[in-house]
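As stored in final_13.cif (mmCIF, C-alpha atoms):
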data_start
loop_
_atom_site.label_atom_id
_atom_site.label_comp_id
_atom_site.auth_asym_id
_atom_site.auth_seq_id
_atom_site.Cartn_x
_atom_site.Cartn_y
_atom_site.Cartn_z
CA MET A 1 -8.05 59.92 85.52
CA GLY A 2 -8.68 63.25 83.85
CA LEU A 3 -9.60 62.23 80.31
CA THR A 4 -12.49 64.14 78.79
CA ALA A 5 -15.44 62.33 77.24
CA SER A 6 -14.17 63.39 73.81
CA ALA A 7 -10.71 61.99 74.47
CA ARG A 8 -12.15 58.70 75.67
CA SER A 9 -14.30 58.39 72.57
CA GLN A 10 -11.20 58.69 70.38
CA ALA A 11 -9.07 56.17 72.26
CA PRO A 12 -9.16 52.50 71.30
CA ALA A 13 -11.18 50.26 73.56
CA LEU A 14 -9.20 47.98 75.82
CA SER A 15 -10.38 44.41 75.82
CA ALA A 16 -8.92 41.28 77.34
CA PRO A 17 -9.77 37.59 77.49
CA ALA A 18 -12.46 36.90 80.05
CA HIS A 19 -10.26 34.19 81.55
CA PRO A 20 -6.71 35.57 81.76
CA THR A 21 -4.02 33.08 82.64
CA SER A 22 -2.73 35.17 85.53
CA SER A 23 -5.94 35.36 87.57
CA PRO A 24 -9.40 33.76 87.77
CA PRO A 25 -12.44 35.50 86.29
CA CYS A 26 -13.98 38.15 88.54
CA ALA A 27 -17.66 38.31 89.36
CA ASN A 28 -17.67 42.08 89.03
CA ARG A 29 -15.96 42.16 85.64
CA PRO A 30 -17.20 45.12 83.51
CA ALA A 31 -19.66 44.88 80.64
CA LEU A 32 -18.59 42.73 77.71
CA ALA A 33 -17.29 44.49 74.62
CA ALA A 34 -18.02 42.05 71.82
CA GLY A 35 -19.04 38.45 71.36
CA PRO A 36 -18.71 35.62 68.89
CA ASP A 37 -20.44 36.15 65.59
CA PRO A 38 -22.38 32.95 64.77
CA ARG A 39 -22.08 33.66 61.08
CA ALA A 40 -18.36 34.45 61.10
CA LYS A 41 -16.35 31.75 59.38
CA ILE A 42 -12.69 32.31 58.60
CA GLY A 43 -10.25 33.89 61.06
CA LEU A 44 -6.74 35.10 60.24
CA ALA A 45 -4.15 35.46 63.02
CA LEU A 46 -1.21 37.58 61.87
CA GLY A 47 1.85 37.19 64.06
CA GLY A 48 4.58 39.66 64.94
CA GLY A 49 8.05 39.71 63.43
CA ALA A 50 9.22 43.30 62.81
CA ALA A 51 10.22 43.79 59.15
CA LEU A 52 9.26 40.20 58.33
CA GLY A 53 5.68 41.41 58.60
CA TRP A 54 5.66 42.62 55.01
CA THR A 55 5.23 38.91 54.24
CA HIS A 56 1.64 39.27 55.49
CA ILE A 57 0.90 41.44 52.46
CA GLY A 58 1.81 38.63 50.06
CA ILE A 59 -0.19 36.14 52.10
CA LEU A 60 -3.29 38.32 52.02
CA ARG A 61 -2.91 38.88 48.28
CA ALA A 62 -2.59 35.14 47.64
CA LEU A 63 -5.53 34.25 49.89
CA GLU A 64 -7.74 36.82 48.17
CA ALA A 65 -6.69 35.46 44.78
CA ARG A 66 -7.94 32.03 45.88
CA GLY A 67 -11.25 33.45 47.05
CA ILE A 68 -10.34 33.13 50.73
CA ARG A 69 -11.48 36.28 52.51
CA PRO A 70 -11.24 36.24 56.30
CA ASP A 71 -14.21 37.50 58.28
CA ILE A 72 -12.05 38.10 61.37
CA VAL A 73 -8.53 39.52 61.38
CA ALA A 74 -6.45 39.59 64.56
CA GLY A 75 -2.96 41.03 64.51
CA THR A 76 -0.04 41.47 66.87
CA SER A 77 2.74 44.02 66.34
CA ILE A 78 3.51 44.25 62.59
CA GLY A 79 0.59 41.85 62.13
CA ALA A 80 -1.67 44.58 63.49
CA VAL A 81 -0.18 47.09 61.02
CA VAL A 82 -0.86 44.92 57.98
CA GLY A 83 -4.10 43.46 59.34
CA GLY A 84 -5.45 46.88 60.21
CA GLY A 85 -4.60 48.26 56.78
CA TYR A 86 -6.28 45.27 55.15
CA ALA A 87 -9.40 45.48 57.30
CA ALA A 88 -9.66 49.20 56.51
CA GLY A 89 -9.43 48.53 52.77
CA HIS A 90 -6.04 50.21 52.38
CA LEU A 91 -3.78 47.25 51.61
CA ASP A 92 -2.82 48.83 48.26
CA ALA A 93 -1.53 51.96 49.97
CA LEU A 94 0.37 49.93 52.57
CA GLU A 95 1.96 47.77 49.90
CA ALA A 96 3.01 50.81 47.89
CA PHE A 97 4.58 52.31 51.02
CA ALA A 98 6.43 49.08 51.84
CA ARG A 99 7.75 48.58 48.31
CA GLY A 100 8.97 52.18 48.21
CA LEU A 101 11.16 51.90 51.30
CA THR A 102 14.93 52.09 51.01
CA ARG A 103 17.58 51.91 53.72
CA ARG A 104 17.77 55.70 53.72
CA LYS A 105 14.00 56.11 53.97
CA VAL A 106 13.78 53.58 56.81
CA PHE A 107 16.39 55.51 58.76
CA GLY A 108 14.53 58.73 58.02
CA TYR A 109 11.42 57.43 59.79
CA LEU A 110 13.38 56.75 62.98
CA ASP A 111 12.96 59.81 65.19
CA PHE A 112 15.46 59.05 67.93
CA ASN A 113 14.51 59.93 71.47
CA VAL A 114 17.31 59.67 74.03
CA THR A 115 15.31 61.13 76.92
CA GLY A 116 12.14 59.05 76.75
CA THR A 117 11.06 55.45 77.34
CA GLY A 118 12.17 54.17 73.93
CA LEU A 119 14.97 54.77 71.45
CA ILE A 120 12.39 55.93 68.88
CA SER A 121 9.40 58.14 69.67
CA GLY A 122 7.46 56.79 66.67
CA GLN A 123 5.80 60.10 65.81
CA ARG A 124 7.00 60.08 62.20
CA LEU A 125 5.54 56.62 61.66
CA CYS A 126 2.32 57.70 63.35
CA THR A 127 2.09 60.70 61.02
CA LYS A 128 2.52 58.38 58.05
CA LEU A 129 -0.23 56.07 59.32
CA GLU A 130 -2.56 59.02 59.83
CA GLU A 131 -2.16 60.08 56.20
CA THR A 132 -4.32 57.08 55.30
CA LEU A 133 -6.05 55.95 58.49
CA LYS A 134 -6.74 59.16 60.43
CA GLY A 135 -10.30 59.24 61.72
CA VAL A 136 -10.88 55.54 61.07
CA ASP A 137 -12.42 53.67 64.01
CA ILE A 138 -12.09 49.92 64.43
CA GLU A 139 -15.82 49.35 64.86
CA ASP A 140 -16.48 50.96 61.47
CA LEU A 141 -14.26 48.56 59.50
CA GLU A 142 -15.79 46.28 56.90
CA ARG A 143 -14.60 43.17 58.76
CA THR A 144 -13.94 42.38 62.41
CA PHE A 145 -10.47 43.47 63.49
CA VAL A 146 -8.60 43.26 66.80
CA ALA A 147 -5.08 44.43 67.63
CA VAL A 148 -3.34 42.80 70.59
CA ALA A 149 -1.29 44.82 73.08
CA ALA A 150 0.19 44.25 76.53
CA GLU A 151 0.03 46.54 79.56
CA ILE A 152 3.15 47.67 81.36
CA GLY A 153 3.15 46.77 85.04
CA THR A 154 0.31 44.25 85.04
CA GLY A 155 1.17 42.14 82.00
CA HIS A 156 -2.49 42.12 80.95
CA GLU A 157 -3.21 41.03 77.39
CA LEU A 158 -5.51 43.66 75.89
CA TRP A 159 -7.65 43.22 72.81
CA LEU A 160 -8.07 46.62 71.16
CA SER A 161 -11.46 46.26 69.49
CA ARG A 162 -12.94 49.78 69.36
CA GLY A 163 -11.80 53.35 68.87
CA SER A 164 -8.92 54.81 66.86
CA LEU A 165 -7.34 52.31 64.49
CA VAL A 166 -4.06 54.26 64.40
CA GLN A 167 -3.76 54.28 68.19
CA ALA A 168 -4.50 50.55 68.37
CA ILE A 169 -1.84 49.78 65.76
CA ARG A 170 0.72 52.00 67.50
CA ALA A 171 0.13 50.28 70.83
CA SER A 172 0.43 46.83 69.29
CA TYR A 173 3.81 47.49 67.60
CA ALA A 174 5.41 49.50 70.43
CA LEU A 175 8.42 47.21 70.84
CA PRO A 176 9.80 47.62 74.39
CA GLY A 177 12.98 49.69 74.45
CA ILE A 178 12.70 50.55 70.75
CA PHE A 179 9.40 52.42 70.43
CA ARG A 180 7.85 54.60 73.11
CA PRO A 181 4.84 52.89 74.76
CA VAL A 182 1.39 54.31 74.05
CA ASN A 183 -0.85 55.81 76.73
CA VAL A 184 -4.49 54.78 76.32
CA ASN A 185 -6.96 55.93 78.97
CA GLY A 186 -4.13 56.29 81.49
CA ARG A 187 -2.72 52.82 80.83
CA TRP A 188 0.66 52.33 79.16
CA LEU A 189 0.62 49.74 76.39
CA PHE A 190 3.34 48.09 74.35
CA ASP A 191 3.91 45.24 71.90
CA GLY A 192 1.32 42.48 72.27
CA ALA A 193 3.84 39.82 71.20
CA LEU A 194 4.90 39.56 74.85
CA THR A 195 1.53 38.01 75.67
CA ASN A 196 0.01 36.66 72.45
CA PRO A 197 2.44 36.67 69.49
CA ILE A 198 0.07 34.87 67.10
CA PRO A 199 -3.49 35.71 68.25
CA VAL A 200 -5.32 32.50 67.39
CA SER A 201 -7.28 32.73 70.66
CA VAL A 202 -8.75 36.08 69.58
CA CYS A 203 -10.12 34.59 66.36
CA ARG A 204 -11.59 31.65 68.26
CA ALA A 205 -13.21 33.90 70.85
CA LEU A 206 -14.83 35.98 68.13
CA GLY A 207 -16.41 32.93 66.53
CA ALA A 208 -14.07 31.82 63.73
CA ARG A 209 -14.78 28.26 62.64
CA TYR A 210 -11.50 27.98 60.73
CA VAL A 211 -8.35 29.82 61.81
CA ILE A 212 -5.32 30.46 59.60
CA ALA A 213 -2.25 31.43 61.64
CA VAL A 214 0.89 33.05 60.24
CA ASN A 215 4.15 32.37 62.10
CA LEU A 216 6.87 34.66 60.77
CA ASN A 217 9.58 33.36 63.09
CA ALA A 218 9.34 29.63 62.38
CA ASP A 219 12.24 29.79 59.91
CA THR A 220 14.50 31.96 62.07
CA THR A 221 14.31 31.86 65.88
CA GLY A 222 11.86 28.95 65.56
CA ARG A 223 14.83 26.71 64.79
CA GLY A 224 16.49 27.41 68.13
CA THR A 225 17.74 24.36 69.98
CA VAL A 226 20.13 23.34 72.80
CA GLU A 227 23.90 23.14 72.24
CA PRO A 228 25.47 21.34 75.20
CA ASN A 229 29.18 21.54 76.11
CA PHE A 230 29.78 24.80 74.29
CA ASP A 231 33.40 25.98 74.65
CA VAL A 232 33.65 29.71 75.45
CA GLY A 233 37.44 29.77 74.97
CA SER A 234 39.85 31.83 77.04
CA ALA A 235 39.39 35.39 78.25
CA ASN A 236 42.50 36.51 76.34
CA ALA A 237 40.95 35.34 73.06
CA THR A 238 38.02 37.75 73.26
CA PRO A 239 38.38 40.39 70.50
CA ALA A 240 38.06 44.04 71.46
CA ASP A 241 34.90 45.82 70.44
CA PRO A 242 35.96 48.59 68.01
CA ALA A 243 32.85 50.58 68.90
CA LEU A 244 34.23 51.23 72.39
CA SER A 245 37.10 53.32 71.09
CA GLU A 246 35.48 54.80 67.99
CA GLN A 247 35.05 58.57 67.87
CA PRO A 248 32.85 60.35 65.32
CA ALA A 249 34.67 62.14 62.54
CA ALA A 250 33.64 65.63 61.51
CA GLY A 251 30.06 65.41 60.28
CA GLY A 252 30.03 61.67 60.98
CA VAL A 253 27.77 61.62 64.00
CA ARG A 254 24.84 60.39 61.95
CA LYS A 255 26.91 57.54 60.48
CA LEU A 256 28.21 56.56 63.90
CA LEU A 257 24.68 56.55 65.28
CA GLN A 258 23.54 54.41 62.38
CA ARG A 259 26.34 51.88 63.00
CA GLN A 260 25.54 51.79 66.70
CA LEU A 261 21.87 51.17 65.97
CA PHE A 262 22.15 48.71 63.08
CA GLY A 263 25.61 47.27 63.76
CA ARG A 264 28.45 46.35 61.42
CA THR A 265 27.57 43.73 58.83
CA GLY A 266 30.13 43.97 56.03
CA GLU A 267 33.23 43.14 58.07
CA ASP A 268 35.29 40.07 58.99
CA ASN A 269 34.06 40.38 62.55
CA PRO A 270 30.48 41.75 62.32
CA VAL A 271 29.11 43.38 65.45
CA PRO A 272 25.35 43.51 66.16
CA GLY A 273 23.81 46.91 66.77
CA ILE A 274 21.48 47.95 69.58
CA SER A 275 18.36 47.33 67.52
CA THR A 276 19.56 43.88 66.43
CA VAL A 277 20.31 42.82 69.99
CA MET A 278 16.97 44.04 71.34
CA ILE A 279 14.80 42.80 68.48
CA ASP A 280 16.52 39.40 68.29
CA ALA A 281 16.18 38.94 72.04
CA PHE A 282 12.52 39.90 71.81
CA SER A 283 12.01 37.47 68.92
CA ILE A 284 13.48 34.57 70.91
CA VAL A 285 11.06 35.27 73.75
CA GLN A 286 8.22 35.67 71.26
CA ASP A 287 9.04 32.31 69.66
CA ARG A 288 8.97 30.46 72.98
CA ILE A 289 5.66 32.08 73.91
CA SER A 290 4.25 31.23 70.47
CA ARG A 291 5.13 27.56 70.87
CA ALA A 292 3.31 27.35 74.18
CA ARG A 293 0.24 29.32 73.02
CA LEU A 294 -0.14 27.39 69.75
CA ALA A 295 0.18 24.09 71.58
CA GLY A 296 -2.61 25.07 73.96
CA ASP A 297 -4.87 26.64 71.32
CA PRO A 298 -3.83 25.27 67.92
CA PRO A 299 -5.06 26.88 64.70
CA ASP A 300 -6.47 24.81 61.86
CA ILE A 301 -3.43 25.57 59.71
CA VAL A 302 -0.14 27.41 60.27
CA LEU A 303 1.55 29.24 57.41
CA LYS A 304 5.33 29.30 57.89
CA PRO A 305 6.98 31.43 55.21
CA ARG A 306 10.63 30.72 54.42
CA LEU A 307 12.37 33.88 55.58
CA GLN A 308 15.85 32.64 56.39
CA GLY A 309 18.42 35.30 55.54
CA ILE A 310 16.06 38.27 55.94
CA GLY A 311 16.77 40.43 58.96
CA LEU A 312 14.20 41.72 61.41
CA PHE A 313 15.16 45.28 60.44
CA ASP A 314 15.19 44.74 56.67
CA PHE A 315 12.10 46.83 56.00
CA HIS A 316 13.57 47.80 52.62
CA ARG A 317 13.20 44.21 51.31
CA ALA A 318 9.42 44.28 51.01
CA GLU A 319 9.30 42.99 47.44
CA GLU A 320 11.15 39.83 48.40
CA MET A 321 9.03 39.23 51.49
CA ILE A 322 5.74 39.78 49.67
CA ALA A 323 6.83 37.18 47.12
CA ARG A 324 7.64 34.71 49.90
CA GLY A 325 4.21 35.29 51.40
CA GLU A 326 2.62 34.37 48.11
CA GLU A 327 4.85 31.29 47.93
CA VAL A 328 3.77 29.90 51.31
CA VAL A 329 0.11 30.14 50.35
CA ALA A 330 0.87 28.31 47.11
CA ARG A 331 2.63 25.53 49.07
CA GLU A 332 -0.33 25.10 51.41
CA ALA A 333 -3.03 25.65 48.77
CA ASP A 334 -4.15 22.01 48.60
CA ASP A 335 -4.55 21.75 52.39
CA LEU A 336 -6.38 25.08 52.55
CA ASP A 337 -8.79 24.10 49.78
CA HIS A 338 -9.42 20.67 51.31
CA ASP A 339 -10.02 22.01 54.83
CA LEU A 340 -12.30 24.85 53.75
CA SER A 341 -14.30 22.59 51.42
CA ALA A 342 -14.72 20.01 54.19
CA ARG A 343 -16.15 22.71 56.47
CA GLY A 344 -18.39 24.16 53.79
CA LEU A 345 -16.46 27.42 53.72
CA LYS A 346 -14.92 27.26 50.27
CA GLY A 347 -16.58 29.59 47.79
CA VAL A 348 -19.16 30.84 50.28
CA ASN A 349 -20.32 34.40 49.53
CA GLN A 350 -19.25 36.42 52.55
CA ASP A 351 -21.53 39.44 52.53
CA ARG A 352 -20.02 41.95 54.93
CA ASP A 353 -23.25 43.93 55.17
CA ALA A 354 -25.08 40.81 56.37
CA LEU A 355 -22.77 40.37 59.32
CA PRO A 356 -23.95 41.93 62.59
CA ARG A 357 -22.20 45.11 63.65
CA PRO A 358 -20.05 45.09 66.80
CA LEU A 359 -22.00 45.61 70.01
CA ASP A 360 -21.65 48.91 71.78
CA ALA A 361 -21.19 49.28 75.52
CA ASN A 362 -24.93 49.79 76.21
CA GLU A 363 -25.91 46.63 74.37
CA SER A 364 -23.16 44.72 76.15
CA ALA A 365 -24.44 45.93 79.51
CA ARG A 366 -27.85 44.47 78.67
CA GLY A 367 -26.25 41.05 78.39
CA LEU A 368 -26.30 40.72 74.60
CA ALA A 369 -22.60 39.89 74.28
CA SER A 370 -20.77 36.63 74.76
CA PRO A 371 -18.40 36.20 77.74
CA GLU A 372 -15.42 35.49 75.50
CA VAL A 373 -14.13 39.08 75.31
CA ALA A 374 -14.47 41.58 78.14
CA GLU A 375 -13.92 45.33 78.28
CA ALA A 376 -10.98 46.24 80.44
CA PRO A 377 -11.62 48.29 83.59
CA ALA A 378 -11.50 52.05 83.22
CA PRO A 379 -8.50 53.68 84.91
#

If you took the structure in this file and wrote it as structure tokens, what would it be?
Amino acid sequence: MGLTASARSQAPALSAPAHPTSSPPCANRPALAAGPDPRAKIGLALGGGAALGWTHIGILRALEARGIRPDIVAGTSIGAVVGGGYAAGHLDALEAFARGLTRRKVFGYLDFNVTGTGLISGQRLCTKLEETLKGVDIEDLERTFVAVAAEIGTGHELWLSRGSLVQAIRASYALPGIFRPVNVNGRWLFDGALTNPIPVSVCRALGARYVIAVNLNADTTGRGTVEPNFDVGSANATPADPALSEQPAAGGVRKLLQRQLFGRTGEDNPVPGISTVMIDAFSIVQDRISRARLAGDPPDIVLKPRLQGIGLFDFHRAEEMIARGEEVVAREADDLDHDLSARGLKGVNQDRDALPRPLDANESARGLASPEVAEAPAP
């Protein structure tokens, strides 16, 4: 496809597991993008969860306070946002942004797009990301970072390991139906939670000896069960949806749109909005995928913050979520210390400059990379 060499150099690299679940490995697979680092030690897999992702900030703060500094950070969706900011050394700026959000500010960042492939184009959020991260490439970060995305049409799981950090983050959080998908080298990418919600496998493939996973949905959709013999009642008992007959008052189009998007919460008969329905449905799917993936490739420890009562669109409640992130690390502190000490990882000086830099495409072509992570085919 007609991308110039300059455009390709600015786009994030597409990487995928060398052994995808949907098809066997190919003999003519392209050159490998990066391999396990024999000196890498601690991996951190940050899961998706929309607004619940601000919890990751508190977890990172608490881990750092205990001297636990991950060598490898892999993030999906909001996990890629926080993980990317952390890997780039801008966690302070991200935390300040999160703590400064109000309901009004959150709504102000939503640039609605009724003619495209998502309700929100995401350009305002992209502009905000670029204020801090513009020009930052993933391979130049002080620690190994990978954002996980999925490809529309094929379902490929792509590990974004090189190129523009902002583009990689955008692709990883592009929630289907909510945010517009991101075009990278002619391939349309969206939220990686549809393939790998908590990217433990990425950390393992890149050589982590100890993997800390963060499951943001364990306290919400993770409690889902089966309710047999549920009585749906009679058709005549179904209440009418007031939104069907509601007309905007003069100057009230914005309020009506806000109610349609976020729903009605302060009423006797609350009605979920479009975003709630889509994000909750996505979270249920994400939870079921997470259970299967974690069972097949378990981490060494799973942090499950207690987030009951916080909505997936409550981005304005960052202070509360950051505190809950710090709390979950405190609860698991003894296990973390014991495990890391047993593996000889506790208190080890992790010199970032001593770690080998990521391999470029030429080095990979000479066979210097491991087969764990492969560069995706060019379009």

Using the chain letters and numbers from the file, which residues does the PyMOL selection byres ((chain A and resi 65-76) around 8) grab, as a short mmCIF file (atom, residue, chain, number, x, y, z; two decimals) with C-alpha atoms, in the coordinates of the input?
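As written to disk, expr37.cif reads:
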data_model
loop_
_atom_site.label_atom_id
_atom_site.label_comp_id
_atom_site.auth_asym_id
_atom_site.auth_seq_id
_atom_site.Cartn_x
_atom_site.Cartn_y
_atom_site.Cartn_z
CA ALA A 40 -18.36 34.45 61.10
CA LYS A 41 -16.35 31.75 59.38
CA ILE A 42 -12.69 32.31 58.60
CA GLY A 43 -10.25 33.89 61.06
CA LEU A 44 -6.74 35.10 60.24
CA ALA A 45 -4.15 35.46 63.02
CA LEU A 46 -1.21 37.58 61.87
CA GLY A 47 1.85 37.19 64.06
CA GLY A 48 4.58 39.66 64.94
CA ARG A 61 -2.91 38.88 48.28
CA ALA A 62 -2.59 35.14 47.64
CA LEU A 63 -5.53 34.25 49.89
CA GLU A 64 -7.74 36.82 48.17
CA SER A 77 2.74 44.02 66.34
CA ILE A 78 3.51 44.25 62.59
CA GLY A 79 0.59 41.85 62.13
CA ALA A 80 -1.67 44.58 63.49
CA VAL A 81 -0.18 47.09 61.02
CA VAL A 82 -0.86 44.92 57.98
CA GLY A 83 -4.10 43.46 59.34
CA GLY A 84 -5.45 46.88 60.21
CA ALA A 87 -9.40 45.48 57.30
CA ARG A 143 -14.60 43.17 58.76
CA THR A 144 -13.94 42.38 62.41
CA PHE A 145 -10.47 43.47 63.49
CA VAL A 146 -8.60 43.26 66.80
CA ALA A 147 -5.08 44.43 67.63
CA VAL A 148 -3.34 42.80 70.59
CA ALA A 149 -1.29 44.82 73.08
CA SER A 172 0.43 46.83 69.29
CA TYR A 173 3.81 47.49 67.60
CA ASP A 191 3.91 45.24 71.90
CA GLY A 192 1.32 42.48 72.27
CA ALA A 193 3.84 39.82 71.20
CA ASN A 196 0.01 36.66 72.45
CA PRO A 197 2.44 36.67 69.49
CA ILE A 198 0.07 34.87 67.10
CA PRO A 199 -3.49 35.71 68.25
CA VAL A 200 -5.32 32.50 67.39
CA VAL A 202 -8.75 36.08 69.58
CA CYS A 203 -10.12 34.59 66.36
CA LEU A 206 -14.83 35.98 68.13
CA ALA A 208 -14.07 31.82 63.73
CA LYS A 346 -14.92 27.26 50.27
CA GLY A 347 -16.58 29.59 47.79
CA GLN A 350 -19.25 36.42 52.55
#

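With all atoms listed in the file as the atoms that count, the residue of A:Arg343, A:Arg293, A:Arg162, A:Arg170 with the shortest distance to Glu130 of chain A is A:Arg170.
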
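As for atom CA of Arg99 of chain A and atom CA of Gln308 of chain A, they are spaced 19.6 Å apart.
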
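Counting from atom CA of Arg104 of chain A, the distance to atom CA of Gly85 of chain A is 23.8 Å.
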
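Atom CA of His56 of chain A lies 20.9 Å from atom CA of Phe190 of chain A.
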
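Of the listed residues (A:Val226, A:Ala150, A:Ile301, A:Leu340), A:Ile301 comes nearest to Val328 of chain A; the distances count only C-alpha atoms.
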
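The result of the PyMOL selection byres ((chain A and resi 96) around 12) on the shown file is Trp54, Ile57, Gly85, His90, Leu91, Asp92, Ala93, Leu94, Glu95, Phe97, Ala98, Arg99, Gly100, Leu101, His316, Ala318, Glu319 and Ile322 of chain A.
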
Here's the selection I'm unsure about, the PyMOL selection byres ((chain A and resi 182) around 12); applied to the file above, which residues does it give, as a PyMOL selection string? chain A and resi 11-12+117-118+121-123+126+149-152+166-176+179-181+183-192

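Taking all atoms listed in the file into account, Val285 of chain A lies nearest to A:Leu194 out of the set A:Pro298, A:His156, A:Leu194, A:Leu52.
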
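With distances restricted to all atoms listed in the file, A:Arg209 is the closest residue to Leu345 of chain A from A:Ile59, A:Arg209, A:Tyr86, A:Arg103.
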
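When only C-alpha atoms are used to measure the gap to Ile138 of chain A, the shortest distance among A:Pro228, A:Gly153, A:Pro305, A:Gly163 belongs to A:Gly163.
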
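Shortest separation to Arg306 of chain A among A:Glu142, A:Glu131, A:Asp335, A:Glu327 occurs at residue A:Glu327, atoms counted being all atoms listed in the file.
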